[in-house]
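K.L.:
My file is target-v1.cif. It has mmCIF, C-alpha atoms:
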```
data_my_file
loop_
_atom_site.label_atom_id
_atom_site.label_comp_id
_atom_site.auth_asym_id
_atom_site.auth_seq_id
_atom_site.Cartn_x
_atom_site.Cartn_y
_atom_site.Cartn_z
CA MET A 1 -37.86 -8.82 -77.80
CA SER A 2 -35.22 -10.07 -75.36
CA SER A 3 -31.68 -10.31 -76.75
CA ASP A 4 -31.54 -13.89 -75.45
CA THR A 5 -34.50 -15.34 -77.36
CA ILE A 6 -35.37 -16.59 -80.83
CA ALA A 7 -38.43 -14.96 -82.43
CA LEU A 8 -40.21 -16.88 -85.18
CA HIS A 9 -43.07 -15.36 -87.19
CA ILE A 10 -43.37 -17.57 -90.25
CA ASP A 11 -46.05 -17.57 -92.94
CA LEU A 12 -45.35 -20.29 -95.50
CA PRO A 13 -48.12 -21.66 -97.78
CA ARG A 14 -47.79 -25.33 -98.68
CA ALA A 15 -49.90 -27.60 -100.86
CA ALA A 16 -50.87 -29.86 -97.94
CA PHE A 17 -50.95 -27.24 -95.15
CA HIS A 18 -50.24 -23.60 -94.36
CA LEU A 19 -47.28 -23.14 -92.00
CA GLN A 20 -48.20 -20.28 -89.67
CA VAL A 21 -45.91 -20.08 -86.67
CA ASN A 22 -45.65 -17.37 -84.03
CA ALA A 23 -43.33 -18.43 -81.25
CA THR A 24 -40.59 -17.10 -78.99
CA LEU A 25 -38.01 -19.71 -78.00
CA PRO A 26 -35.35 -19.63 -75.29
CA GLY A 27 -31.99 -18.40 -76.53
CA ARG A 28 -30.14 -21.24 -74.82
CA GLY A 29 -30.65 -24.94 -74.22
CA ILE A 30 -32.62 -27.39 -76.36
CA THR A 31 -36.09 -26.70 -77.71
CA ALA A 32 -37.81 -29.76 -79.15
CA ILE A 33 -40.54 -29.80 -81.79
CA PHE A 34 -43.01 -32.69 -81.65
CA GLY A 35 -45.99 -33.53 -83.82
CA PRO A 36 -47.37 -36.00 -86.36
CA SER A 37 -45.67 -36.65 -89.69
CA GLY A 38 -46.40 -33.97 -92.27
CA CYS A 39 -47.39 -31.28 -89.74
CA GLY A 40 -44.63 -28.86 -90.81
CA LYS A 41 -41.70 -29.59 -88.49
CA THR A 42 -39.10 -29.91 -91.26
CA SER A 43 -40.58 -26.96 -93.20
CA LEU A 44 -40.14 -24.83 -90.08
CA LEU A 45 -36.45 -25.75 -89.81
CA ARG A 46 -35.92 -25.11 -93.53
CA ALA A 47 -37.51 -21.67 -93.18
CA ILE A 48 -35.23 -20.80 -90.25
CA ALA A 49 -32.17 -21.95 -92.23
CA GLY A 50 -33.08 -19.75 -95.21
CA LEU A 51 -34.01 -22.58 -97.56
CA GLU A 52 -37.60 -21.37 -98.09
CA ASP A 53 -37.09 -17.62 -98.50
CA ASN A 54 -38.71 -17.49 -101.95
CA ALA A 55 -41.88 -19.14 -100.61
CA LEU A 56 -42.18 -17.16 -97.36
CA GLN A 57 -44.81 -14.41 -97.21
CA GLN A 58 -42.30 -11.66 -96.51
CA LYS A 59 -44.82 -9.10 -95.23
CA HIS A 60 -45.93 -11.44 -92.44
CA SER A 61 -42.68 -13.24 -91.63
CA ARG A 62 -39.77 -12.44 -89.34
CA ILE A 63 -36.93 -14.58 -88.06
CA GLN A 64 -34.67 -13.12 -85.40
CA VAL A 65 -31.98 -15.04 -83.52
CA LYS A 66 -31.08 -13.00 -80.46
CA ASP A 67 -29.91 -9.61 -81.83
CA SER A 68 -29.56 -10.75 -85.45
CA VAL A 69 -32.48 -10.39 -87.89
CA TRP A 70 -32.32 -13.14 -90.52
CA PHE A 71 -35.59 -12.39 -92.31
CA SER A 72 -38.12 -9.56 -92.14
CA ALA A 73 -40.36 -7.41 -94.29
CA THR A 74 -37.37 -5.25 -95.23
CA GLN A 75 -34.42 -7.65 -95.36
CA ARG A 76 -33.32 -11.18 -96.17
CA LEU A 77 -30.10 -12.69 -94.95
CA PRO A 78 -29.05 -15.36 -97.49
CA ALA A 79 -28.82 -18.92 -96.22
CA HIS A 80 -25.03 -19.04 -96.55
CA GLN A 81 -24.69 -15.95 -94.34
CA ARG A 82 -26.86 -17.30 -91.53
CA ARG A 83 -24.78 -18.77 -88.74
CA VAL A 84 -26.74 -21.97 -88.60
CA GLY A 85 -25.63 -25.59 -88.26
CA TYR A 86 -27.99 -28.16 -89.79
CA VAL A 87 -27.90 -31.89 -88.99
CA PHE A 88 -30.21 -34.02 -91.12
CA GLN A 89 -31.78 -37.43 -90.63
CA GLU A 90 -29.12 -38.90 -92.90
CA ALA A 91 -25.58 -37.68 -92.24
CA SER A 92 -24.32 -35.91 -95.38
CA LEU A 93 -20.59 -36.58 -95.20
CA PHE A 94 -17.91 -36.44 -97.88
CA GLU A 95 -17.43 -40.11 -98.68
CA HIS A 96 -14.02 -39.60 -100.29
CA LEU A 97 -12.58 -37.95 -97.16
CA THR A 98 -11.57 -39.35 -93.79
CA VAL A 99 -13.40 -38.34 -90.65
CA GLN A 100 -10.67 -35.85 -89.77
CA LYS A 101 -10.82 -34.21 -93.20
CA ASN A 102 -14.61 -33.99 -92.96
CA LEU A 103 -14.22 -32.17 -89.65
CA VAL A 104 -11.43 -29.91 -90.90
CA TYR A 105 -13.71 -28.84 -93.76
CA GLY A 106 -16.06 -27.20 -91.27
CA PHE A 107 -13.12 -26.11 -89.10
CA LYS A 108 -11.36 -24.20 -91.88
CA ARG A 109 -14.40 -22.27 -93.00
CA ASN A 110 -14.69 -20.29 -89.76
CA GLN A 111 -11.43 -21.12 -88.01
CA PRO A 112 -12.67 -21.36 -84.41
CA ALA A 113 -10.20 -21.77 -81.60
CA GLN A 114 -8.22 -25.03 -81.75
CA ALA A 115 -9.63 -25.94 -78.35
CA ASN A 116 -13.11 -26.25 -79.92
CA PHE A 117 -11.84 -28.92 -82.31
CA ASP A 118 -10.11 -30.89 -79.56
CA GLU A 119 -13.02 -30.52 -77.16
CA LEU A 120 -15.57 -31.72 -79.69
CA VAL A 121 -13.43 -34.69 -80.68
CA GLN A 122 -13.22 -35.65 -77.02
CA LEU A 123 -16.87 -34.83 -76.22
CA LEU A 124 -18.20 -36.96 -79.09
CA ASP A 125 -15.53 -39.66 -78.72
CA LEU A 126 -14.26 -39.21 -82.28
CA ALA A 127 -10.52 -39.75 -81.70
CA PRO A 128 -10.64 -43.48 -82.66
CA LEU A 129 -12.47 -42.56 -85.88
CA LEU A 130 -10.33 -39.70 -87.20
CA THR A 131 -8.29 -41.76 -89.70
CA ARG A 132 -11.21 -43.88 -90.92
CA ASN A 133 -13.13 -43.35 -94.14
CA THR A 134 -16.71 -42.27 -93.59
CA ASN A 135 -18.12 -45.14 -95.68
CA ASN A 136 -16.84 -47.54 -92.99
CA LEU A 137 -18.76 -45.90 -90.14
CA SER A 138 -21.94 -47.08 -88.45
CA GLY A 139 -25.05 -44.89 -88.56
CA GLY A 140 -24.45 -43.60 -85.03
CA GLU A 141 -20.80 -42.82 -85.76
CA ARG A 142 -21.75 -40.94 -88.93
CA GLN A 143 -24.21 -38.78 -87.01
CA ARG A 144 -21.61 -37.95 -84.36
CA VAL A 145 -19.26 -36.79 -87.13
CA ALA A 146 -22.05 -34.76 -88.76
CA ILE A 147 -22.87 -33.06 -85.44
CA ALA A 148 -19.22 -32.20 -84.78
CA ARG A 149 -18.78 -30.81 -88.31
CA ALA A 150 -21.88 -28.62 -87.93
CA LEU A 151 -20.59 -27.26 -84.60
CA LEU A 152 -17.12 -26.55 -85.96
CA ALA A 153 -18.72 -24.06 -88.37
CA SER A 154 -19.31 -21.87 -85.25
CA PRO A 155 -23.10 -21.59 -85.64
CA ALA A 156 -25.29 -19.24 -83.62
CA LEU A 157 -28.07 -21.84 -83.80
CA LEU A 158 -28.01 -25.62 -84.31
CA LEU A 159 -30.93 -27.29 -86.12
CA MET A 160 -31.35 -31.07 -85.82
CA ASP A 161 -34.01 -32.71 -88.00
CA GLU A 162 -34.77 -36.18 -86.57
CA PRO A 163 -31.05 -37.06 -86.37
CA LEU A 164 -31.75 -40.47 -84.82
CA ALA A 165 -34.72 -41.53 -86.96
CA ALA A 166 -32.61 -43.68 -89.29
CA LEU A 167 -30.95 -45.57 -86.41
CA ASP A 168 -32.14 -48.76 -84.73
CA GLN A 169 -32.99 -48.69 -81.03
CA GLN A 170 -29.54 -49.83 -79.90
CA ARG A 171 -27.76 -47.18 -82.00
CA LYS A 172 -30.13 -44.53 -80.61
CA GLN A 173 -29.25 -45.54 -77.06
CA ASP A 174 -25.56 -45.36 -77.99
CA ILE A 175 -25.73 -41.80 -79.30
CA LEU A 176 -28.18 -40.22 -76.83
CA PRO A 177 -25.53 -39.86 -74.08
CA TYR A 178 -23.41 -37.83 -76.50
CA LEU A 179 -26.34 -35.52 -77.23
CA GLU A 180 -26.89 -35.13 -73.47
CA ARG A 181 -23.28 -34.03 -73.12
CA LEU A 182 -23.82 -31.43 -75.87
CA GLN A 183 -26.78 -30.03 -73.94
CA HIS A 184 -24.43 -29.08 -71.08
CA TYR A 185 -21.50 -28.11 -73.31
CA LEU A 186 -23.16 -25.91 -75.90
CA ALA A 187 -23.45 -22.18 -75.34
CA ILE A 188 -25.74 -21.94 -78.39
CA PRO A 189 -29.44 -22.82 -78.67
CA MET A 190 -30.54 -26.01 -80.41
CA ILE A 191 -33.87 -26.79 -82.09
CA TYR A 192 -34.44 -30.54 -82.14
CA VAL A 193 -37.19 -32.15 -84.26
CA SER A 194 -38.31 -35.66 -83.35
CA HIS A 195 -41.38 -37.87 -83.34
CA ALA A 196 -39.88 -39.91 -80.46
CA LEU A 197 -40.91 -38.61 -77.04
CA ASP A 198 -38.25 -40.65 -75.26
CA GLU A 199 -35.56 -38.65 -77.09
CA ILE A 200 -37.25 -35.34 -76.37
CA VAL A 201 -37.63 -35.85 -72.62
CA GLN A 202 -34.03 -37.01 -72.33
CA LEU A 203 -32.67 -33.92 -74.06
CA ALA A 204 -35.01 -30.94 -74.13
CA ASP A 205 -36.24 -28.42 -71.58
CA HIS A 206 -38.67 -26.52 -73.83
CA LEU A 207 -41.23 -28.08 -76.17
CA LEU A 208 -43.32 -26.96 -79.15
CA LEU A 209 -46.31 -29.12 -80.10
CA MET A 210 -47.24 -28.82 -83.77
CA ASP A 211 -50.20 -29.95 -85.83
CA ASN A 212 -51.29 -29.03 -89.34
CA GLY A 213 -48.71 -26.27 -89.72
CA LYS A 214 -49.43 -24.52 -86.43
CA ILE A 215 -48.06 -24.42 -82.89
CA ILE A 216 -50.84 -25.77 -80.68
CA ALA A 217 -48.92 -25.51 -77.40
CA GLN A 218 -45.50 -24.62 -76.07
CA GLY A 219 -43.77 -24.53 -72.72
CA PRO A 220 -41.53 -26.53 -70.40
CA VAL A 221 -41.42 -30.23 -71.32
CA ILE A 222 -42.37 -31.31 -67.78
CA ASP A 223 -45.53 -29.15 -67.79
CA LEU A 224 -46.81 -30.20 -71.21
CA LEU A 225 -46.35 -33.91 -70.52
CA SER A 226 -48.96 -33.80 -67.77
CA GLU A 227 -51.16 -30.93 -68.93
CA HIS A 228 -51.71 -31.22 -72.68
CA PRO A 229 -54.18 -33.88 -73.89
CA LEU A 230 -52.04 -34.68 -76.94
CA LEU A 231 -49.42 -36.10 -74.54
CA ALA A 232 -51.28 -36.89 -71.31
CA GLN A 233 -53.98 -38.96 -73.05
CA ARG A 234 -51.55 -41.18 -74.97
CA GLU A 235 -51.51 -44.89 -74.16
CA ASP A 236 -47.85 -44.52 -73.16
CA ALA A 237 -48.37 -41.28 -71.20
CA PHE A 238 -45.68 -40.48 -68.65
CA THR A 239 -44.42 -37.66 -66.49
CA LEU A 240 -40.98 -36.50 -65.38
CA LEU A 241 -39.91 -36.11 -61.78
CA GLN A 242 -36.92 -33.90 -61.04
CA GLY A 243 -34.60 -34.75 -58.20
CA GLN A 244 -31.06 -35.17 -56.94
CA VAL A 245 -29.00 -38.29 -56.44
CA THR A 246 -28.46 -38.57 -52.69
CA ALA A 247 -27.27 -42.15 -52.23
CA ILE A 248 -25.89 -45.02 -54.25
CA LYS A 249 -26.39 -48.52 -52.91
CA PRO A 250 -24.12 -50.78 -54.99
CA GLU A 251 -24.84 -53.79 -52.77
CA HIS A 252 -28.49 -53.58 -53.91
CA HIS A 253 -27.77 -52.12 -57.38
CA LEU A 254 -29.99 -49.16 -56.52
CA THR A 255 -29.75 -45.38 -56.65
CA CYS A 256 -31.65 -43.14 -54.24
CA VAL A 257 -33.05 -39.88 -55.65
CA THR A 258 -34.55 -37.20 -53.42
CA LEU A 259 -37.60 -35.24 -54.60
CA GLY A 260 -37.84 -32.47 -52.05
CA GLU A 261 -38.73 -34.34 -48.82
CA THR A 262 -39.48 -37.61 -50.62
CA GLN A 263 -37.03 -40.33 -51.61
CA VAL A 264 -37.39 -42.85 -54.43
CA TYR A 265 -35.27 -45.84 -55.43
CA LEU A 266 -34.51 -47.00 -58.96
CA PRO A 267 -32.00 -49.30 -60.67
CA GLN A 268 -28.44 -48.05 -60.22
CA LEU A 269 -27.57 -45.04 -62.41
CA GLN A 270 -24.24 -43.90 -63.78
CA ALA A 271 -24.56 -40.68 -61.80
CA ALA A 272 -22.64 -38.81 -59.13
CA GLN A 273 -23.82 -37.75 -55.68
CA GLN A 274 -25.91 -34.54 -55.81
CA GLN A 275 -26.29 -34.81 -59.59
CA SER A 276 -29.65 -33.52 -60.86
CA VAL A 277 -31.67 -36.13 -62.75
CA ARG A 278 -35.07 -36.41 -64.41
CA LEU A 279 -36.97 -39.65 -63.85
CA ARG A 280 -39.55 -40.93 -66.32
CA VAL A 281 -42.64 -42.50 -64.75
CA TYR A 282 -45.26 -44.13 -66.99
CA ALA A 283 -48.85 -43.62 -65.85
CA ARG A 284 -49.52 -47.35 -66.30
CA ASP A 285 -46.83 -48.14 -63.68
CA VAL A 286 -48.44 -46.12 -60.87
CA SER A 287 -51.04 -47.63 -58.52
CA LEU A 288 -52.93 -45.90 -55.73
CA CYS A 289 -53.73 -46.74 -52.09
CA LEU A 290 -55.93 -44.95 -49.57
CA ASP A 291 -53.75 -46.08 -46.65
CA HIS A 292 -50.00 -46.42 -46.35
CA PRO A 293 -49.20 -50.00 -47.42
CA GLN A 294 -47.51 -52.27 -44.91
CA ARG A 295 -45.21 -55.25 -45.54
CA THR A 296 -45.01 -54.64 -49.30
CA SER A 297 -42.28 -55.28 -51.87
CA ILE A 298 -42.94 -51.88 -53.47
CA LEU A 299 -40.05 -49.59 -52.47
CA ASN A 300 -41.53 -46.29 -53.63
CA ILE A 301 -44.62 -45.18 -51.72
CA LEU A 302 -45.24 -41.46 -52.21
CA PRO A 303 -47.84 -39.33 -50.40
CA ALA A 304 -49.86 -37.47 -53.01
CA ARG A 305 -52.97 -35.34 -53.51
CA ILE A 306 -55.44 -35.84 -56.36
CA THR A 307 -55.78 -32.67 -58.45
CA GLN A 308 -57.77 -33.97 -61.43
CA ILE A 309 -59.46 -37.14 -62.70
CA ASP A 310 -60.00 -37.62 -66.44
CA ALA A 311 -62.37 -40.30 -67.68
CA GLY A 312 -60.69 -42.18 -70.50
CA GLU A 313 -61.67 -44.87 -72.97
CA ARG A 314 -62.08 -48.61 -72.39
CA GLY A 315 -62.89 -48.26 -68.70
CA GLN A 316 -59.73 -46.34 -67.76
CA ASN A 317 -59.26 -43.13 -65.79
CA LEU A 318 -56.23 -40.86 -65.73
CA VAL A 319 -55.58 -39.50 -62.24
CA HIS A 320 -53.42 -36.36 -61.86
CA LEU A 321 -51.44 -36.27 -58.63
CA ALA A 322 -49.47 -33.54 -56.85
CA ILE A 323 -46.32 -34.81 -55.15
CA GLU A 324 -44.87 -31.81 -53.35
CA ASN A 325 -44.41 -29.35 -56.25
CA GLN A 326 -44.39 -31.96 -59.00
CA VAL A 327 -47.00 -33.79 -61.06
CA LEU A 328 -47.49 -37.54 -61.43
CA LEU A 329 -50.05 -39.41 -63.57
CA ALA A 330 -51.67 -42.72 -62.68
CA ARG A 331 -53.74 -44.73 -65.14
CA ILE A 332 -56.18 -46.94 -63.25
CA SER A 333 -59.43 -48.68 -64.10
CA HIS A 334 -62.74 -46.90 -63.74
CA LEU A 335 -63.80 -49.70 -61.37
CA SER A 336 -60.80 -49.09 -59.08
CA CYS A 337 -61.54 -45.39 -59.06
CA TYR A 338 -65.17 -46.10 -58.12
CA GLN A 339 -64.38 -48.70 -55.45
CA LEU A 340 -61.83 -46.42 -53.76
CA GLY A 341 -64.18 -43.45 -53.98
CA LEU A 342 -61.43 -41.24 -55.41
CA SER A 343 -62.12 -37.52 -55.72
CA VAL A 344 -60.25 -34.29 -56.36
CA GLY A 345 -58.46 -33.02 -53.26
CA GLN A 346 -58.18 -36.46 -51.67
CA GLN A 347 -54.90 -37.58 -50.08
CA VAL A 348 -53.64 -40.94 -51.36
CA TYR A 349 -50.42 -42.94 -51.66
CA ALA A 350 -48.84 -43.56 -55.07
CA GLN A 351 -46.93 -46.82 -55.47
CA ILE A 352 -44.15 -47.20 -58.07
CA LYS A 353 -41.94 -50.25 -58.40
CA ALA A 354 -38.24 -49.37 -58.39
CA LEU A 355 -37.77 -51.31 -61.62
CA ALA A 356 -40.43 -49.16 -63.31
CA LEU A 357 -38.46 -45.93 -62.79
CA MET A 358 -36.00 -44.87 -65.46
CA LYS A 359 -33.81 -41.91 -66.21
#
```
Could you render the structure as C-alpha cells?
P.N.:
Amino acid sequence: MSSDTIALHIDLPRAAFHLQVNATLPGRGITAIFGPSGCGKTSLLRAIAGLEDNALQQKHSRIQVKDSVWFSATQRLPAHQRRVGYVFQEASLFEHLTVQKNLVYGFKRNQPAQANFDELVQLLDLAPLLTRNTNNLSGGERQRVAIARALLASPALLLMDEPLAALDQQRKQDILPYLERLQHYLAIPMIYVSHALDEIVQLADHLLLMDNGKIIAQGPVIDLLSEHPLLAQREDAFTLLQGQVTAIKPEHHLTCVTLGETQVYLPQLQAAQQQSVRLRVYARDVSLCLDHPQRTSILNILPARITQIDAGERGQNLVHLAIENQVLLARISHLSCYQLGLSVGQQVYAQIKALALMK
C-alpha cells in the first residue's frame, strides 16, 4: 500500500444491510461518498472513526490511514487515539461557551501552531463571531465553527457527514465557498458524505458510489458523472468541463473559459485570469447540429464527436460527446436523433447557451 493512501477493508453486519467495503482512497484532497439513504454511508464513517469497533468483523477488516494502522486483525486503535476530525449534520457545539472558547477547546487539546488558529479564523471568516454565544448563530455559522474546531484538533483525516443537509439552499450557497477554500488549504484528506450532487461536484475530485452497503463504483468525479448509469441516466444528469479563465468581459458580464483549443462564455465569475475552473453542463441544456449554425444567439458552439448513444425512457436519447479530451452529454428526443441520422463516430456541433453554464 502507498504511504499516501487510505485503505479501507470493512466488514460490518447490520440489520438492514451488510457493510462490505474494499477501497483505496487518495491520501489528499476530498473524496465524496454518494448513494441513496440507508446505503451505509454514515456507518462507513463511524467505522473509520472507531465508533463501530465492537461490531466490526475483525478478521476481515483493516483501516489504514497512510502509514498508521487504526484497525486490523491484530490491533485496534481506540477512537480517542485516532487523529480524526468529525463534522456531523448538526453542529455539536458547547452552548454555554462563546465561539472563541469553543475553538480554544479543540486548540488546547493538541496545541497546534498559533498560525493554524489565526489562519482558520481568517479562512472561515470567524473573526466577527468570536465573542458571540453559539446559540445566537445561524446554521451556516454553526457549521463553520464546527469545522474549524475539528481542524484545530490537528486531525490526520477529516470526516464530514452531510454537513449541509440541515441548511436551506441559501445557507448552503453561503457556506460552500468556505469549503472550497478548505479544499485548497488542507494538507489532510477529507471524506465528504452527501446526497447532493451539486455539493460533491463543487468540492470533490474522487467519488465513491455506494448502494446496499457496498461500493459499486469509484474514480474521478468527472469520469463517473458521464460513465456510470447511476449518474448519467438521472433526469438531471450533467457533466463537468475543466478549463482556464482566459478573459473577463465586464461590459457584457461574461467570463471566457478556454477548454484546450475551444472557448466558451458564461455569466461573469468571481475568478482571476488563468484560474482553473470546472463548469457544470446539464445534458438537457445541450442541443446538437450537423452543420455549424450561422446568425444564432447561442454563444457556445463546440465541435464534437459522438462516442455513444443510449436509448432512454419516454422517447429520449442520451448522446455522449467527445470535445477534445473531455466528455459532454446531450439529452435529445428520439425523434431528433432519428431525423438527424445520428450515429457513433459522427462529427456534430454542440450548442450551449451561455446562461446555461455554471461553475
K.L.:
Name all residues at most 9 Å from Asn22 in chain A (count only C-alpha atoms; drop same-chain ones fewer than 3 positions away) and give them as a ChimeraX atom specification.
P.N.:
/A:7-11,214-215
K.L.:
Given the file shown, determine the residues that the PyMOL selection byres ((chain A and resi 94) around 12) selects; report them as a PDB file with C-alpha atoms, in the coordinates of the input.
P.N.:
```pdb
ATOM      1  CA  ALA A  91     -25.580 -37.680 -92.240  1.00  0.00           C
ATOM      2  CA  SER A  92     -24.320 -35.910 -95.380  1.00  0.00           C
ATOM      3  CA  LEU A  93     -20.590 -36.580 -95.200  1.00  0.00           C
ATOM      4  CA  GLU A  95     -17.430 -40.110 -98.680  1.00  0.00           C
ATOM      5  CA  HIS A  96     -14.020 -39.600-100.290  1.00  0.00           C
ATOM      6  CA  LEU A  97     -12.580 -37.950 -97.160  1.00  0.00           C
ATOM      7  CA  THR A  98     -11.570 -39.350 -93.790  1.00  0.00           C
ATOM      8  CA  VAL A  99     -13.400 -38.340 -90.650  1.00  0.00           C
ATOM      9  CA  GLN A 100     -10.670 -35.850 -89.770  1.00  0.00           C
ATOM     10  CA  LYS A 101     -10.820 -34.210 -93.200  1.00  0.00           C
ATOM     11  CA  ASN A 102     -14.610 -33.990 -92.960  1.00  0.00           C
ATOM     12  CA  LEU A 103     -14.220 -32.170 -89.650  1.00  0.00           C
ATOM     13  CA  VAL A 104     -11.430 -29.910 -90.900  1.00  0.00           C
ATOM     14  CA  TYR A 105     -13.710 -28.840 -93.760  1.00  0.00           C
ATOM     15  CA  GLY A 106     -16.060 -27.200 -91.270  1.00  0.00           C
ATOM     16  CA  ASN A 133     -13.130 -43.350 -94.140  1.00  0.00           C
ATOM     17  CA  THR A 134     -16.710 -42.270 -93.590  1.00  0.00           C
ATOM     18  CA  ASN A 135     -18.120 -45.140 -95.680  1.00  0.00           C
ATOM     19  CA  ARG A 142     -21.750 -40.940 -88.930  1.00  0.00           C
ATOM     20  CA  VAL A 145     -19.260 -36.790 -87.130  1.00  0.00           C
ATOM     21  CA  ALA A 146     -22.050 -34.760 -88.760  1.00  0.00           C
ATOM     22  CA  ARG A 149     -18.780 -30.810 -88.310  1.00  0.00           C
TER      23      ARG A 149
END
```
K.L.:
Name every residue that the PyMOL selection byres ((chain A and resi 277-281) around 10) selects in this structure, writing the answer as a PyMOL selection string with chains first and numbers rising.
P.N.:
chain A and resi 198+201-202+222+237-245+257-258+264+266+269+271+274-276+282-286+328-330+352+356-359
K.L.:
With distances taken over all atoms listed in the file, which of A:Ile48, A:Ala350, A:Leu254, A:Leu355 is nearest to Pro293 in chain A?
P.N.:
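Ranking A:Ile48, A:Ala350, A:Leu254, A:Leu355 by distance to Pro293 in chain A, first place goes to A:Ala350.
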K.L.:
Tell me which protein, DNA and RNA residues are within 7 Å of Gln346 in chain A, counting all atoms listed in the file, leaving out same-chain ones fewer than 4 positions away, and put them as a ChimeraX atom specification.
P.N.:
/A:305-306,342
K.L.:
Restricted to C-alpha atoms, what would the selected residues look like written as an mmCIF file, keeping the file's coordinate frame?
P.N.:
```
data_model
loop_
_atom_site.group_PDB
_atom_site.id
_atom_site.type_symbol
_atom_site.label_atom_id
_atom_site.label_comp_id
_atom_site.auth_asym_id
_atom_site.auth_seq_id
_atom_site.Cartn_x
_atom_site.Cartn_y
_atom_site.Cartn_z
ATOM 1 C CA ARG A 305 -52.970 -35.340 -53.510
ATOM 2 C CA ILE A 306 -55.440 -35.840 -56.360
ATOM 3 C CA LEU A 342 -61.430 -41.240 -55.410
#
```
K.L.:
Run the PyMOL selection byres ((chain A and resi 227) around 12) on the file and write out the hits as a VMD selection string.
P.N.:
chain A and resid 217 to 226 228 to 234 237 to 239 307 to 308 310 318 to 321 327 to 329
K.L.:
When you look at Leu12 in chain A with a cut-off of 12 Å (counting only C-alpha atoms), what residues show up, excluding the ones that are within fewer than 2 positions of it in the same chain? I need them as a VMD selection string.
P.N.:
chain A and resid 9 to 10 14 to 22 40 43 to 48 51 to 62 213 to 214
K.L.:
Nearest residue to Pro163 in chain A out of A:Pro128, A:Pro189, A:Gly341, A:Gly139, using all atoms listed in the file?
P.N.:
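Closest to Pro163 in chain A, using all atoms listed in the file: A:Gly139.
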K.L.:
Let me make sure I understand: among A:Phe88, A:Leu335, A:Glu180, A:Asp168, which one has the smallest atom-to-atom distance to Ser194 in chain A if we use all atoms listed in the file?
P.N.:
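Looking at the shortest contact to Ser194 in chain A, the residue is A:Phe88.
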K.L.:
Give the answer as one residue: which of A:Leu158, A:Gln173, A:Ala23, A:Arg28 has the shortest atom-to-atom distance to Ser3 in chain A, using all atoms listed in the file?
P.N.:
A:Arg28
K.L.:
Of the candidates A:His334, A:Arg82, A:Lys353, A:Lys66, which shows the shortest atom-to-atom distance to Pro155 in chain A, using all atoms listed in the file?
P.N.:
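Comparing A:His334, A:Arg82, A:Lys353, A:Lys66 against Pro155 in chain A, the winner is A:Arg82.
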K.L.:
Calculate how many Å separate CA of Thr5 in chain A from CA of Leu25 in chain A, rounding to one decimal.
P.N.:
5.6 Å
K.L.:
Can you measure CA of Leu152 in chain A to CA of Asn116 in chain A for me? One decimal in Å is fine.
P.N.:
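That distance, rounded to one decimal, is 7.3 Å.
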K.L.:
Between CA of Gly27 in chain A and CA of Phe71 in chain A, measure the distance and give it in Å to one decimal.
P.N.:
17.3 Å
K.L.:
Return the single residue from A:Tyr265, A:Gln339, A:Ile6, A:Arg331 that is closest to Leu290 in chain A, with distances computed using only C-alpha atoms.
P.N.:
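Among the listed residues, the smallest separation from Leu290 in chain A belongs to A:Gln339.
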K.L.:
Would you be able to write out as a PyMOL selection string which residues have an atom within 9 Å of (-25.8, -45.0, -80.8) in the file's coordinates, counting only C-alpha atoms?
P.N.:
chain A and resi 138-141+143-144+164+167-178
K.L.:
Okay, now the selection with C-alpha atoms, as a short mmCIF file (atom, residue, chain, number, x, y, z; two decimals), in the frame of the given file?
P.N.:
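Produced file again-v2.cif, reproduced below:
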```
data_model
loop_
_atom_site.label_atom_id
_atom_site.label_comp_id
_atom_site.auth_asym_id
_atom_site.auth_seq_id
_atom_site.Cartn_x
_atom_site.Cartn_y
_atom_site.Cartn_z
CA SER A 138 -21.94 -47.08 -88.45
CA GLY A 139 -25.05 -44.89 -88.56
CA GLY A 140 -24.45 -43.60 -85.03
CA GLU A 141 -20.80 -42.82 -85.76
CA GLN A 143 -24.21 -38.78 -87.01
CA ARG A 144 -21.61 -37.95 -84.36
CA LEU A 164 -31.75 -40.47 -84.82
CA LEU A 167 -30.95 -45.57 -86.41
CA ASP A 168 -32.14 -48.76 -84.73
CA GLN A 169 -32.99 -48.69 -81.03
CA GLN A 170 -29.54 -49.83 -79.90
CA ARG A 171 -27.76 -47.18 -82.00
CA LYS A 172 -30.13 -44.53 -80.61
CA GLN A 173 -29.25 -45.54 -77.06
CA ASP A 174 -25.56 -45.36 -77.99
CA ILE A 175 -25.73 -41.80 -79.30
CA LEU A 176 -28.18 -40.22 -76.83
CA PRO A 177 -25.53 -39.86 -74.08
CA TYR A 178 -23.41 -37.83 -76.50
#
```
K.L.:
Got a sec: who's within 12 Å of Val193 in chain A, counting all atoms listed in the file, leaving out chain neighbours fewer than 6 positions off, as number ranges by chain?
P.N.:
A: 30-37, 39-46, 86-89, 158-165, 199-200, 203-204, 206-210
